[in-house]
Structures are given as C-alpha cells and as structure tokens.
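S.K.: Sharing upload-v7.cif below, mmCIF, C-alpha atoms:
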data_input
#
loop_
_atom_site.group_PDB
_atom_site.id
_atom_site.type_symbol
_atom_site.label_atom_id
_atom_site.label_comp_id
_atom_site.auth_asym_id
_atom_site.auth_seq_id
_atom_site.Cartn_x
_atom_site.Cartn_y
_atom_site.Cartn_z
ATOM 1 C CA MET A 140 22.340 63.103 -95.228
ATOM 2 C CA THR A 141 19.899 65.587 -93.740
ATOM 3 C CA SER A 142 16.974 63.224 -94.297
ATOM 4 C CA SER A 143 18.775 60.376 -92.551
ATOM 5 C CA VAL A 144 19.580 62.475 -89.509
ATOM 6 C CA SER A 145 16.076 63.923 -89.437
ATOM 7 C CA SER A 146 14.500 60.463 -89.635
ATOM 8 C CA VAL A 147 16.343 59.411 -86.474
ATOM 9 C CA PHE A 148 15.295 62.636 -84.734
ATOM 10 C CA ILE A 149 11.656 62.363 -85.898
ATOM 11 C CA SER A 150 11.484 58.709 -84.828
ATOM 12 C CA TYR A 151 12.830 59.659 -81.406
ATOM 13 C CA ILE A 152 10.219 62.395 -81.024
ATOM 14 C CA MET A 153 7.415 60.086 -82.194
ATOM 15 C CA ASN A 154 8.207 57.653 -79.387
ATOM 16 C CA TYR A 155 6.406 60.122 -77.126
ATOM 17 C CA PHE A 156 3.373 60.321 -79.448
ATOM 18 C CA LYS A 157 2.947 56.639 -80.275
ATOM 19 C CA LYS A 158 -0.673 56.616 -81.413
ATOM 20 C CA ARG A 159 -0.418 59.798 -83.508
ATOM 21 C CA VAL A 160 1.629 58.426 -86.409
ATOM 22 C CA LYS A 161 -1.075 58.944 -89.030
ATOM 23 C CA LEU A 162 -1.654 62.544 -87.975
ATOM 24 C CA PHE A 163 2.071 63.300 -88.062
ATOM 25 C CA LEU A 164 2.389 61.726 -91.529
ATOM 26 C CA GLN A 165 -0.483 63.865 -92.782
ATOM 27 C CA LEU A 166 1.157 66.994 -91.385
ATOM 28 C CA ALA A 167 4.531 66.084 -92.906
ATOM 29 C CA ASN A 168 2.869 65.544 -96.286
ATOM 30 C CA LEU A 169 1.098 68.886 -96.038
ATOM 31 C CA VAL A 170 4.434 70.591 -95.316
ATOM 32 C CA ALA A 171 6.026 68.863 -98.317
ATOM 33 C CA LEU A 172 3.009 69.704 -100.478
ATOM 34 C CA THR A 173 3.261 73.373 -99.501
ATOM 35 C CA MET A 174 6.969 73.459 -100.280
ATOM 36 C CA PHE A 175 6.464 71.824 -103.669
ATOM 37 C CA VAL A 176 3.665 74.269 -104.529
ATOM 38 C CA ILE A 177 5.947 77.195 -103.672
ATOM 39 C CA LEU A 178 8.775 75.592 -105.652
ATOM 40 C CA ILE A 179 6.543 75.152 -108.705
ATOM 41 C CA CYS A 180 5.306 78.737 -108.407
ATOM 42 C CA ILE A 181 8.925 79.926 -108.384
ATOM 43 C CA GLN A 182 9.778 77.715 -111.382
ATOM 44 C CA ARG A 183 6.792 79.006 -113.357
ATOM 45 C CA SER A 184 7.539 82.644 -112.312
ATOM 46 C CA TYR A 185 4.248 83.056 -110.428
ATOM 47 C CA ILE A 186 6.218 84.132 -107.363
ATOM 48 C CA PHE A 187 8.976 86.679 -107.819
ATOM 49 C CA VAL A 188 12.151 85.934 -105.932
ATOM 50 C CA PRO A 189 15.059 88.387 -106.081
ATOM 51 C CA PRO A 190 17.936 86.940 -108.139
ATOM 52 C CA SER A 191 20.285 87.029 -105.169
ATOM 53 C CA PHE A 192 17.888 84.857 -103.130
ATOM 54 C CA VAL A 193 16.844 82.296 -105.794
ATOM 55 C CA THR A 194 19.515 79.704 -105.041
ATOM 56 C CA THR A 195 19.041 80.002 -101.289
ATOM 57 C CA SER A 196 15.265 79.728 -101.511
ATOM 58 C CA LEU A 197 15.484 76.695 -103.784
ATOM 59 C CA TYR A 198 17.889 74.974 -101.383
ATOM 60 C CA ILE A 199 15.606 75.708 -98.442
ATOM 61 C CA LEU A 200 12.502 74.459 -100.269
ATOM 62 C CA CYS A 201 14.144 71.310 -101.639
ATOM 63 C CA THR A 202 15.795 70.427 -98.326
ATOM 64 C CA GLY A 203 12.589 71.074 -96.388
ATOM 65 C CA ALA A 204 10.546 68.945 -98.777
ATOM 66 C CA ALA A 205 13.160 66.168 -98.643
ATOM 67 C CA ILE A 206 13.106 66.191 -94.844
ATOM 68 C CA SER A 207 9.294 66.172 -94.823
ATOM 69 C CA ILE A 208 9.161 63.188 -97.172
ATOM 70 C CA ASN A 209 12.257 61.124 -96.414
ATOM 71 C CA GLY A 210 12.443 61.905 -92.715
ATOM 72 C CA VAL A 211 9.166 60.102 -92.048
ATOM 73 C CA ILE A 212 9.903 56.905 -93.992
ATOM 74 C CA PRO A 213 10.416 54.896 -90.768
ATOM 75 C CA LEU A 214 6.970 56.056 -89.645
ATOM 76 C CA TYR A 215 5.418 54.667 -92.829
ATOM 77 C CA TYR A 216 7.007 51.302 -92.068
ATOM 78 C CA GLU A 217 5.748 51.481 -88.485
ATOM 79 C CA LEU A 218 2.209 52.369 -89.583
ATOM 80 C CA ALA A 219 2.216 49.591 -92.179
ATOM 81 C CA CYS A 220 3.395 47.009 -89.627
ATOM 82 C CA ASP A 221 0.755 48.157 -87.146
ATOM 83 C CA SER A 222 -2.007 48.080 -89.775
ATOM 84 C CA ALA A 223 -1.123 44.613 -91.052
ATOM 85 C CA PHE A 224 -0.408 43.304 -87.559
ATOM 86 C CA PRO A 225 -1.126 39.592 -87.635
ATOM 87 C CA ALA A 226 1.204 39.451 -90.639
ATOM 88 C CA ASP A 227 4.912 39.407 -89.875
ATOM 89 C CA GLU A 228 6.840 42.671 -89.932
ATOM 90 C CA GLY A 229 9.322 41.140 -92.361
ATOM 91 C CA LEU A 230 6.574 40.399 -94.877
ATOM 92 C CA THR A 231 5.093 43.877 -94.562
ATOM 93 C CA GLY A 232 8.505 45.520 -94.881
ATOM 94 C CA SER A 233 9.408 43.326 -97.865
ATOM 95 C CA VAL A 234 6.255 44.323 -99.730
ATOM 96 C CA ILE A 235 6.934 48.017 -99.088
ATOM 97 C CA VAL A 236 10.581 47.724 -100.159
ATOM 98 C CA THR A 237 9.638 45.796 -103.324
ATOM 99 C CA VAL A 238 6.993 48.323 -104.366
ATOM 100 C CA ASN A 239 9.372 51.199 -103.580
ATOM 101 C CA ASN A 240 12.156 49.648 -105.662
ATOM 102 C CA LEU A 241 9.844 48.960 -108.609
ATOM 103 C CA LEU A 242 8.546 52.522 -108.604
ATOM 104 C CA GLY A 243 12.080 53.894 -108.228
ATOM 105 C CA PHE A 244 13.245 51.750 -111.148
ATOM 106 C CA THR A 245 10.363 53.051 -113.260
ATOM 107 C CA VAL A 246 11.230 56.672 -112.467
ATOM 108 C CA LEU A 247 14.903 56.106 -113.256
ATOM 109 C CA MET A 248 13.968 54.493 -116.575
ATOM 110 C CA LEU A 249 12.157 57.708 -117.525
ATOM 111 C CA PHE A 250 15.558 59.403 -117.705
ATOM 112 C CA LEU A 251 16.388 57.241 -120.723
ATOM 113 C CA HIS A 252 13.849 59.219 -122.727
ATOM 114 C CA PRO A 253 15.768 62.206 -124.160
ATOM 115 C CA THR A 254 12.946 64.735 -123.771
ATOM 116 C CA LEU A 255 12.349 63.883 -120.129
ATOM 117 C CA ALA A 256 16.074 63.840 -119.367
ATOM 118 C CA LEU A 257 16.482 67.436 -120.569
ATOM 119 C CA ASP A 258 13.440 68.953 -118.869
ATOM 120 C CA THR A 259 13.414 68.557 -115.091
ATOM 121 C CA GLU A 260 10.146 70.343 -114.334
ATOM 122 C CA TRP A 261 8.212 67.060 -114.534
ATOM 123 C CA MET A 262 10.095 65.812 -111.461
ATOM 124 C CA THR A 263 8.688 68.607 -109.320
ATOM 125 C CA TRP A 264 5.190 67.929 -110.621
ATOM 126 C CA SER A 265 5.656 64.214 -109.888
ATOM 127 C CA CYS A 266 6.671 64.957 -106.303
ATOM 128 C CA LEU A 267 3.681 67.259 -105.934
ATOM 129 C CA GLY A 268 1.390 64.544 -107.325
ATOM 130 C CA ALA A 269 2.795 61.980 -104.903
ATOM 131 C CA CYS A 270 2.092 64.315 -101.974
ATOM 132 C CA VAL A 271 -1.429 64.990 -103.229
ATOM 133 C CA LEU A 272 -2.146 61.250 -103.584
ATOM 134 C CA THR A 273 -0.790 60.417 -100.153
ATOM 135 C CA ILE A 274 -3.015 62.807 -98.213
ATOM 136 C CA PRO A 275 -6.392 61.198 -99.117
ATOM 137 C CA MET A 276 -4.910 57.718 -98.743
ATOM 138 C CA LEU A 277 -3.854 58.512 -95.200
ATOM 139 C CA PHE A 278 -7.140 60.275 -94.496
ATOM 140 C CA PHE A 279 -9.252 57.217 -95.354
ATOM 141 C CA MET A 280 -6.898 54.731 -93.715
ATOM 142 C CA LYS A 281 -8.164 53.209 -90.484
ATOM 143 C CA GLU A 282 -5.621 53.349 -87.690
ATOM 144 C CA ASN A 283 -4.963 50.041 -86.000
ATOM 145 C CA TYR A 284 -2.462 49.833 -83.151
ATOM 146 C CA ASN A 285 -3.007 46.225 -82.007
ATOM 147 C CA ARG A 286 0.711 45.451 -82.249
ATOM 148 C CA LEU A 287 1.576 48.493 -80.156
ATOM 149 C CA ASP A 288 -1.083 47.549 -77.610
ATOM 150 C CA ILE A 289 0.373 44.071 -77.260
ATOM 151 C CA ASP A 290 3.915 45.422 -76.977
ATOM 152 C CA SER A 291 2.912 47.894 -74.274
ATOM 153 C CA GLY A 292 0.715 45.397 -72.383
ATOM 154 C CA ASP A 293 -2.601 47.151 -73.113
ATOM 155 C CA SER A 294 -4.008 44.161 -74.993
ATOM 156 C CA THR A 295 -7.180 43.509 -73.011
ATOM 157 C CA ASP A 296 -9.475 43.248 -76.044
ATOM 158 C CA ILE A 297 -7.039 41.677 -78.493
ATOM 159 C CA LYS A 298 -7.086 37.964 -79.154
ATOM 160 C CA VAL A 299 -4.120 36.727 -81.133
ATOM 161 C CA LEU A 300 -3.434 33.040 -81.525
ATOM 162 C CA SER A 301 0.182 32.117 -81.854
ATOM 163 C CA LYS A 302 1.678 28.828 -82.921
ATOM 164 C CA GLY A 303 1.792 26.344 -80.100
ATOM 165 C CA SER A 304 -0.667 28.115 -77.817
ATOM 166 C CA ASP A 305 -3.013 26.152 -75.555
ATOM 167 C CA SER A 306 -6.068 27.083 -77.646
ATOM 168 C CA ASP A 307 -4.782 25.048 -80.604
ATOM 169 C CA TYR A 308 -5.485 21.754 -78.824
#
Output the structure of this file as structure tokens.

M.R.:
Amino acid sequence: MTSSVSSVFISYIMNYFKKRVKLFLQLANLVALTMFVILICIQRSYIFVPPSFVTTSLYILCTGAAISINGVIPLYYELACDSAFPADEGLTGSVIVTVNNLLGFTVLMLFLHPTLALDTEWMTWSCLGACVLTIPMLFFMKENYNRLDIDSGDSTDIKVLSKGSDSDY
C-alpha cells in the first residue's frame, strides 16, 4: 500500500524534473542498497540494535527499501519507453511486464525447495544483489528523451516518419 501511494507521489514530483529520471532512479537504488546493507548487517549481528528497537528498525528498513524500489516502478516504464522510442509504448511495456512476471515466477518457485523455504536470509541477499546490478546498468545506459521532446514540442532535431506521412510518397 505504501509503495503504491509513494509511486503516485514520486511520479507527480518527477513531472517537474522530466529529464532527470535516470539520476533519480540511481539515487533511489542507492537508498535501497543502503537499507538492504544495514538490514543484512542487523541480520548477521554486525550492527547491534537494542532488543526493544529491533522490530521497529526492521519495519523502517523494509518499508524504506520497498518504497525506494517499488515506488519508482512507473519511472522505469517511462525511461524504457523513452529509450525505445520509435517502438510503441505497448510493446515496450509488454516486454517489461513479461520479463518481470517470468522472474517473479522463478523466485516464487524457489519457495518449493524446502531448504530455501525455511531460511529467509537469501531473500535479503537477492534484493541486495538486484540493487547492485541495477546501479551499473543505469550508469552505462544512454539517456534518450526523443519521445518527451516530441510531446513537449522541442523536436527540432528529431525526424520520425509515421505511417501515411507525405515523405512516404
């Protein structure tokens, strides 16, 4: 619930910073990465937390990491649609949804293994690994806002041929 509300709020805020999506995604992943590192350190007893504050700190860390990851999902769709611009948004969104569902299915199938179902520490390490993998992928990704430029009317250098245009004849 918190992630859904935060995604609407984050999307609203990002309307004022339209060409900074990649930077914001990198910052959100760094926040989630930091929270997962602290969570793992608490799980492994590297950081001492008073017993009366353990539950509260775990709730804060898990909720903060969930907001940092799930709250920016619409921004990932927006960045993907901008990067693959001549392709339709529906195609880009369908590919992302399909890959997401396949990976989610794979993770849920891991719970069928009795050893993995009993020990939940691997889930935290998996979330940490996903955050670590995302940061270099976003770093090396080239930002392309041609779709945004066309939508806002700043498309002086962009040449897009649509079906039925005069240049087809």

S.K.: Could you tell me which residues the PyMOL selection byres ((chain A and resi 161) around 12) returns for this structure, as a PyMOL selection string?

M.R.: chain A and resi 153+156-160+162-168+211+214-219+221-222+273-284

S.K.: Produce a file of the selected residues containing C-alpha atoms, as a short mmCIF file (atom, residue, chain, number, x, y, z; two decimals), keeping the file's coordinate frame.

M.R.:
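File written: selection.cif
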data_model
loop_
_atom_site.label_atom_id
_atom_site.label_comp_id
_atom_site.auth_asym_id
_atom_site.auth_seq_id
_atom_site.Cartn_x
_atom_site.Cartn_y
_atom_site.Cartn_z
CA MET A 153 7.42 60.09 -82.19
CA PHE A 156 3.37 60.32 -79.45
CA LYS A 157 2.95 56.64 -80.28
CA LYS A 158 -0.67 56.62 -81.41
CA ARG A 159 -0.42 59.80 -83.51
CA VAL A 160 1.63 58.43 -86.41
CA LEU A 162 -1.65 62.54 -87.98
CA PHE A 163 2.07 63.30 -88.06
CA LEU A 164 2.39 61.73 -91.53
CA GLN A 165 -0.48 63.86 -92.78
CA LEU A 166 1.16 66.99 -91.38
CA ALA A 167 4.53 66.08 -92.91
CA ASN A 168 2.87 65.54 -96.29
CA VAL A 211 9.17 60.10 -92.05
CA LEU A 214 6.97 56.06 -89.64
CA TYR A 215 5.42 54.67 -92.83
CA TYR A 216 7.01 51.30 -92.07
CA GLU A 217 5.75 51.48 -88.48
CA LEU A 218 2.21 52.37 -89.58
CA ALA A 219 2.22 49.59 -92.18
CA ASP A 221 0.76 48.16 -87.15
CA SER A 222 -2.01 48.08 -89.78
CA THR A 273 -0.79 60.42 -100.15
CA ILE A 274 -3.02 62.81 -98.21
CA PRO A 275 -6.39 61.20 -99.12
CA MET A 276 -4.91 57.72 -98.74
CA LEU A 277 -3.85 58.51 -95.20
CA PHE A 278 -7.14 60.28 -94.50
CA PHE A 279 -9.25 57.22 -95.35
CA MET A 280 -6.90 54.73 -93.72
CA LYS A 281 -8.16 53.21 -90.48
CA GLU A 282 -5.62 53.35 -87.69
CA ASN A 283 -4.96 50.04 -86.00
CA TYR A 284 -2.46 49.83 -83.15
#

S.K.: Atom CA of A:Val193 and atom CA of A:Met174 are how many Å apart?

M.R.: 14.4 Å

S.K.: Enter the distance from atom CA of A:Ile186 to atom CA of A:Thr254, in Å, rounded to one decimal.

M.R.: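 Between these atoms lies a distance of 26.3 Å.
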
S.K.: Grab the atom CA of A:Val236 to atom CA of A:Phe148 distance for me, in Å with one decimal place.

M.R.: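 Between atom CA of A:Val236 and atom CA of A:Phe148 the gap works out to 22.0 Å.
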
S.K.: Which one is closest to A:Cys180: A:Ile149, A:Leu241, A:Ala223, A:Leu267? Count all atoms listed in the file.

M.R.: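 Ranking A:Ile149, A:Leu241, A:Ala223, A:Leu267 by distance to A:Cys180, first place goes to A:Leu267.
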
S.K.: Quick one: residues within 12 Å of A:Leu247, only C-alpha atoms, excluding same-chain residues fewer than 6 positions away - as a ChimeraX atom specification?

M.R.: /A:240-241,255-256,262

S.K.: Under the rule that only C-alpha atoms are counted, which of A:Leu230, A:Leu251, A:Val144, A:Leu197 is the nearest residue to A:Gln182?

M.R.: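 Between A:Leu230, A:Leu251, A:Val144, A:Leu197, the residue approaching A:Gln182 most closely is A:Leu197.
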
S.K.: So, counting all atoms listed in the file, which residue among A:Leu178, A:Val147, A:Ile289, A:Val271 is closest to A:Pro225?

M.R.: A:Ile289

S.K.: Would you pick out the contacts of A:Phe175 at 9 Å or less, using all atoms listed in the file, so that residues sharing its chain but fewer than 5 positions from it are not included, and give the list as JSON, numbers by chain?

M.R.: {"A": [170, 180, 200, 201, 204, 263, 264, 266, 267, 270]}

S.K.: Give the answer as one residue: which of A:Ala269, A:Leu257, A:Thr194, A:Glu228 has the shortest atom-to-atom distance to A:Leu242, using all atoms listed in the file?

M.R.: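 Ranked by minimum distance to A:Leu242, first place goes to A:Ala269.
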
S.K.: Using the atoms already present, construct N, CA, C and O atoms for stretch 150-167 of chain A and hand them back as a CSV table (one decimal), keeping the file's coordinate frame.

M.R.:
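Once everything was written out, this is rebuild-v2.csv:
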chain,number,residue,atom,x,y,z
A,150,SER,N,11.9,60.0,-85.5
A,150,SER,CA,11.5,58.7,-84.8
A,150,SER,C,11.6,58.8,-83.3
A,150,SER,O,10.8,58.3,-82.6
A,151,TYR,N,12.6,59.5,-82.8
A,151,TYR,CA,12.8,59.7,-81.4
A,151,TYR,C,11.7,60.5,-80.8
A,151,TYR,O,11.1,60.1,-79.8
A,152,ILE,N,11.3,61.5,-81.5
A,152,ILE,CA,10.2,62.4,-81.0
A,152,ILE,C,8.9,61.6,-81.0
A,152,ILE,O,8.1,61.7,-80.1
A,153,MET,N,8.7,60.8,-82.1
A,153,MET,CA,7.4,60.1,-82.2
A,153,MET,C,7.3,59.0,-81.2
A,153,MET,O,6.2,58.5,-81.0
A,154,ASN,N,8.3,58.6,-80.5
A,154,ASN,CA,8.2,57.7,-79.4
A,154,ASN,C,7.3,58.2,-78.3
A,154,ASN,O,6.8,57.4,-77.5
A,155,TYR,N,7.2,59.5,-78.1
A,155,TYR,CA,6.4,60.1,-77.1
A,155,TYR,C,5.0,60.3,-77.6
A,155,TYR,O,4.1,60.6,-76.8
A,156,PHE,N,4.7,60.2,-78.9
A,156,PHE,CA,3.4,60.3,-79.4
A,156,PHE,C,3.0,59.1,-80.2
A,156,PHE,O,2.8,59.1,-81.4
A,157,LYS,N,3.0,57.9,-79.6
A,157,LYS,CA,2.9,56.6,-80.3
A,157,LYS,C,1.7,56.4,-81.1
A,157,LYS,O,1.8,55.8,-82.2
A,158,LYS,N,0.6,56.9,-80.7
A,158,LYS,CA,-0.7,56.6,-81.4
A,158,LYS,C,-1.1,57.8,-82.3
A,158,LYS,O,-2.3,58.0,-82.6
A,159,ARG,N,-0.2,58.6,-82.7
A,159,ARG,CA,-0.4,59.8,-83.5
A,159,ARG,C,0.4,59.8,-84.8
A,159,ARG,O,0.7,60.8,-85.4
A,160,VAL,N,0.8,58.6,-85.2
A,160,VAL,CA,1.6,58.4,-86.4
A,160,VAL,C,0.9,58.9,-87.7
A,160,VAL,O,1.5,59.7,-88.5
A,161,LYS,N,-0.3,58.5,-87.8
A,161,LYS,CA,-1.1,58.9,-89.0
A,161,LYS,C,-1.2,60.5,-89.1
A,161,LYS,O,-1.0,61.1,-90.2
A,162,LEU,N,-1.5,61.1,-88.0
A,162,LEU,CA,-1.7,62.5,-88.0
A,162,LEU,C,-0.3,63.2,-88.3
A,162,LEU,O,-0.3,64.2,-89.1
A,163,PHE,N,0.8,62.7,-87.8
A,163,PHE,CA,2.1,63.3,-88.1
A,163,PHE,C,2.4,63.1,-89.5
A,163,PHE,O,3.0,64.0,-90.1
A,164,LEU,N,2.1,62.0,-90.1
A,164,LEU,CA,2.4,61.7,-91.5
A,164,LEU,C,1.6,62.7,-92.4
A,164,LEU,O,2.1,63.2,-93.4
A,165,GLN,N,0.3,62.9,-92.0
A,165,GLN,CA,-0.5,63.9,-92.8
A,165,GLN,C,0.1,65.3,-92.7
A,165,GLN,O,0.1,66.0,-93.7
A,166,LEU,N,0.6,65.7,-91.5
A,166,LEU,CA,1.2,67.0,-91.4
A,166,LEU,C,2.5,67.1,-92.2
A,166,LEU,O,2.7,68.1,-92.8
A,167,ALA,N,3.3,66.1,-92.1
A,167,ALA,CA,4.5,66.1,-92.9
A,167,ALA,C,4.3,66.2,-94.4
A,167,ALA,O,4.9,66.9,-95.1
